[in-house]
Amino acid sequence: MNILGISAYHHDSAAALIQNGKVISCAQEERFTHIKHDASFPKNAIQHCLNEGKISLEDINIVVFYDKPLLTFHRLLETYLLSSHRGISSFIKSISTWIKEKYFLKKILKQELANIGKNNFTQQILFTQHHQSHAAAAFFPSPFTDAAVLCLDGVSEWATTSLWVGKDNQLHHKWEIKFPNSLGLLYSAFTHFCGFTVNSGEYKLMGLAPYGEPKYADLILKHLIHVKDNGKYRLNMRYFKLKHGVVETNKRFEKLFQRPPREPDSEITQQDMDIARSIQFVTEDIVMKLAKAIKQDYQIDNLCLAGGVALNCIANGSIWKEKLFKGLWVQPAAGDVGGALGAALSVWFEHLKNPRLPHSFEDVNFTKS
């Protein structure tokens with residue numbers, strides 16, 4: 001049984017191949033095209049996986065895509081219906097793209113795959129939910145037979161933060177926080193405000209944080225986001241603009257910090273460093289509260305993390321230092337690039353119900369930083 005997982009058309013396109021449940025190859029399209037965060041159909045990554053598996057496309061039994069585009073389309077429609085009078089041009093552009101391309105994604109995938117195989121592609125194509133792909137990419141390669149799985153990112157179909165409980169070969173969805181409330185988009189908004197590129201420069205914001213002080217943390221918690229004791233949160237959308245699922249700051253946001261967004265090529269100031277430290281402080285606080293609540297509510301010894309926010313290694317480290325869980329496993333390709341692997345693993349275990357034999361927990365060396 002050969003299963004090909006694909007992530008594409010948003011950012012960080014990738015492909016993954018598993019054979020009889022064994023991960024054979026995972027590859028990111030940008031490694032071949034040298035286009036950073038390449039979002040195009042990952043034809044080069046797919047061919048690489050096929051070569052590593054010593055098979056052709058005709059040998060693939062199932063192709064699985066890492067999210068459900070129709071659910072995303074419904075979210076976009078609802079979002080624009082509520083705010084299209086403030087962004088009619090972007091509404092027309094986005095909906096036009098969806099009607100022409102993404103709404104008929106299965107047909108497009110078959111065409112792209114046929115171009116690789118040089119024949120009509122007739123094999124089965126499946127779709128997993130975006131956070132399901134994240135959760136599968138985190139839990140199934142982990143050394144745990146059971147674990148809580150926390151997924152945090154910008155936005156998927158609707159979910160921005162979700163909790164799953166993995167046991168053996170199944171994942172059980174417990175709860176989710178929905179768009180537009182998003183910790184990932186909040187962090188991206190500050191990435192934009194400090195002059196870095198969204199979906200690319202978040203690591204720069206995290207790297208800038210140690211040079212500042214959390215002077216604005218109380219300001220953020222008072223005006224921009226309401227956080228409960230269990231870590232669940234709600235954004236104050238009066239300070240943001242919604243556009244294609246990316247949160248951008250507005251004039252009210254600028255007034256709050258008494259400055260406009262930093263120009264990308266301008267000098268980084270101490271205020272930028274303090275702002276970076278402040279949003280990093282808030283992010284760590286929310287992640288820690290979520291982790292503590294998960295431990296209290298589910299009494300599970302192990303935690304897996306995935307989604308773009310799980311690339312925030314400082315927040316991850318704070319969970320480990322707190323010793324809340326006996327085991328902590330973070331998907332190395334936590335962002336969308338790992339979605340291809342997660343989608344393939346989800347089909348093998350959850351859809352086909354194959355047994356799972358994880359690595360021995362005792363064989364994994366968990367070391368303190």
# chains A, B, ... in the order shown; residues from 1 in each chain; ligands from 1

$ residues_around --residues "Ile294 of chain A" --least-positions-apart "5" --cutoff "10 Å" --atoms "only C-alpha atoms" --output "ChimeraX atom specification"
/A:148-150,163,230-231,288-289,299-300,303,324

$ residues_around --residues "segment 26-30 of chain A" --least-positions-apart "2" --cutoff "6 Å" --atoms "only C-alpha atoms" --output "PDB file with N, CA and C atoms, in the first residue's frame"
ATOM      1  N   SER A  13       4.572  24.190   0.329  1.00  0.00           N
ATOM      2  CA  SER A  13       4.095  22.959  -0.300  1.00  0.00           C
ATOM      3  C   SER A  13       5.080  21.819  -0.067  1.00  0.00           C
ATOM      4  N   ALA A  14       4.528  20.609   0.048  1.00  0.00           N
ATOM      5  CA  ALA A  14       5.373  19.458   0.334  1.00  0.00           C
ATOM      6  C   ALA A  14       4.683  18.179  -0.097  1.00  0.00           C
ATOM      7  N   ALA A  15       5.445  17.092  -0.084  1.00  0.00           N
ATOM      8  CA  ALA A  15       4.911  15.764  -0.381  1.00  0.00           C
ATOM      9  C   ALA A  15       5.528  14.763   0.581  1.00  0.00           C
ATOM     10  N   ALA A  16       4.792  13.682   0.834  1.00  0.00           N
ATOM     11  CA  ALA A  16       5.292  12.615   1.706  1.00  0.00           C
ATOM     12  C   ALA A  16       4.792  11.278   1.179  1.00  0.00           C
ATOM     13  N   PHE A  32      13.647  22.338  -4.074  1.00  0.00           N
ATOM     14  CA  PHE A  32      13.927  22.065  -5.483  1.00  0.00           C
ATOM     15  C   PHE A  32      13.805  23.316  -6.347  1.00  0.00           C
ATOM     16  N   THR A  33      12.852  24.177  -6.037  1.00  0.00           N
ATOM     17  CA  THR A  33      12.636  25.378  -6.845  1.00  0.00           C
ATOM     18  C   THR A  33      13.435  26.572  -6.343  1.00  0.00           C
ATOM     19  N   HIS A  34      13.907  26.494  -5.089  1.00  0.00           N
ATOM     20  CA  HIS A  34      14.631  27.593  -4.439  1.00  0.00           C
ATOM     21  C   HIS A  34      13.786  28.858  -4.322  1.00  0.00           C
ATOM     22  N   ILE A  35      12.460  28.652  -4.277  1.00  0.00           N
ATOM     23  CA  ILE A  35      11.517  29.735  -4.014  1.00  0.00           C
ATOM     24  C   ILE A  35      11.064  29.597  -2.563  1.00  0.00           C
ATOM     25  N   LYS A  36      11.415  30.550  -1.727  1.00  0.00           N
ATOM     26  CA  LYS A  36      11.129  30.430  -0.305  1.00  0.00           C
ATOM     27  C   LYS A  36       9.624  30.311  -0.064  1.00  0.00           C
ATOM     28  N   ASP A  38       7.575  28.158  -1.176  1.00  0.00           N
ATOM     29  CA  ASP A  38       6.885  27.878  -2.439  1.00  0.00           C
ATOM     30  C   ASP A  38       5.532  27.217  -2.163  1.00  0.00           C
ATOM     31  N   PRO A  42       3.490  20.583  -5.595  1.00  0.00           N
ATOM     32  CA  PRO A  42       4.854  20.094  -5.319  1.00  0.00           C
ATOM     33  C   PRO A  42       5.293  18.959  -6.245  1.00  0.00           C
ATOM     34  N   ALA A  45       8.834  17.686  -5.415  1.00  0.00           N
ATOM     35  CA  ALA A  45       8.853  16.944  -4.154  1.00  0.00           C
ATOM     36  C   ALA A  45       8.209  15.567  -4.334  1.00  0.00           C
TER      37      ALA A  45
END

$ residues_around --residues "segment 151-155 of chain A" --least-positions-apart "5" --cutoff "7 Å" --atoms "only C-alpha atoms" --output "PyMOL selection string"
chain A and resi 131+134-135+160-163+179+182-185+245+305-310

$ residues_around --residues "Asp265 of chain A" --least-positions-apart "6" --cutoff "12 Å" --atoms "only C-alpha atoms" --output "ChimeraX atom specification"
/A:194-197

$ select_by_dssp --residues "segment 136-311 of chain A" --states "strand (DSSP E)" --output "ChimeraX atom specification"
/A:146-152,159-167,170-178,225-227,233-235,240-243,246-249,302-306

$ write_last_selection --atoms "C-alpha atoms" --output "CSV table (one decimal), in the first residue's frame"
chain,number,residue,atom,x,y,z
A,146,ASP,CA,-1.4,7.8,24.1
A,147,ALA,CA,-1.0,11.6,24.3
A,148,ALA,CA,-2.7,14.9,24.2
A,149,VAL,CA,-2.1,16.7,20.9
A,150,LEU,CA,-2.2,20.5,20.9
A,151,CYS,CA,-2.3,22.2,17.5
A,152,LEU,CA,-1.8,26.0,17.1
A,159,ALA,CA,-9.8,25.9,13.6
A,160,THR,CA,-6.9,28.0,14.8
A,161,THR,CA,-6.2,26.1,18.1
A,162,SER,CA,-7.4,22.6,18.7
A,163,LEU,CA,-7.0,19.7,21.1
A,164,TRP,CA,-6.9,16.1,20.2
A,165,VAL,CA,-6.3,12.9,22.2
A,166,GLY,CA,-4.3,10.3,20.5
A,167,LYS,CA,-4.6,6.6,21.5
A,170,GLN,CA,-6.8,6.9,16.4
A,171,LEU,CA,-7.1,10.6,17.1
A,172,HIS,CA,-10.1,12.0,19.0
A,173,HIS,CA,-11.1,15.7,18.5
A,174,LYS,CA,-11.9,17.4,21.8
A,175,TRP,CA,-12.3,21.1,21.2
A,176,GLU,CA,-11.2,24.0,19.0
A,177,ILE,CA,-11.0,27.8,18.9
A,178,LYS,CA,-12.2,29.1,15.6
A,225,ILE,CA,-6.7,39.7,23.5
A,226,HIS,CA,-8.8,38.3,26.4
A,227,VAL,CA,-7.3,35.2,27.9
A,233,TYR,CA,-8.8,33.3,24.3
A,234,ARG,CA,-10.6,35.8,22.1
A,235,LEU,CA,-9.1,38.6,20.0
A,240,PHE,CA,-7.2,44.3,13.3
A,241,LYS,CA,-8.1,44.1,9.6
A,242,LEU,CA,-9.1,40.7,8.1
A,243,LYS,CA,-7.8,39.9,4.7
A,246,VAL,CA,-4.1,37.2,7.6
A,247,VAL,CA,-4.6,39.6,10.5
A,248,GLU,CA,-3.2,43.1,9.7
A,249,THR,CA,-3.1,46.0,12.1
A,302,ASN,CA,2.4,13.0,27.3
A,303,LEU,CA,1.9,16.0,25.0
A,304,CYS,CA,2.5,16.5,21.3
A,305,LEU,CA,2.6,19.9,19.6
A,306,ALA,CA,2.1,20.8,16.0

$ residues_around --residues "Leu224 of chain A" --least-positions-apart "2" --cutoff "8 Å" --atoms "only C-alpha atoms" --output "list of chain:residue names"
A:Leu219, A:Ile220, A:Leu221, A:Lys222, A:His226, A:Leu235, A:Asn236, A:Met237, A:Tyr239

$ closest_residue --among "A:Ile18, A:Ile108, A:Met1, A:Ile116" --to "Ile46 of chain A" --atoms "only C-alpha atoms"
A:Ile116

$ closest_residue --among "A:His223, A:Lys326, A:Lys68, A:Lys118" --to "Ser56 of chain A" --atoms "only C-alpha atoms"
A:Lys118

$ residues_around --residues "segment 206-216 of chain A" --least-positions-apart "2" --cutoff "9 Å" --atoms "only C-alpha atoms" --output "list in words"
Gly201, Glu202, Tyr203, Lys204, Asp218, Leu219, Ile220, Leu221, Phe257, Gln270, Gln271, Asp272, Met273, Asp274, Ile275, Ala276, Arg277, Ser278, Ile279, Gln280, Phe281, Val282, Asn312, Cys313 and Ile314 of chain A

$ atom_distance --atom1 "atom CA of Leu105 of chain A" --atom2 "atom CA of Asp12 of chain A"
17.5 Å

$ residues_around --residues "Val23 of chain A" --least-positions-apart "3" --cutoff "10 Å" --atoms "only C-alpha atoms" --output "CSV table (one decimal) with C-alpha atoms, in the first residue's frame"
chain,number,residue,atom,x,y,z
A,3,ILE,CA,0.0,6.5,0.1
A,16,ALA,CA,5.3,12.6,1.7
A,17,LEU,CA,5.3,8.9,0.8
A,18,ILE,CA,4.5,6.1,3.2
A,19,GLN,CA,4.6,2.4,2.2
A,20,ASN,CA,2.7,0.0,4.4
A,26,CYS,CA,9.2,13.7,2.9
A,53,GLY,CA,10.3,4.7,-2.8
A,141,PRO,CA,5.5,9.5,14.6
A,341,LEU,CA,3.1,13.6,6.2
A,344,ALA,CA,-0.8,10.3,4.7
A,345,LEU,CA,-0.4,8.9,8.2
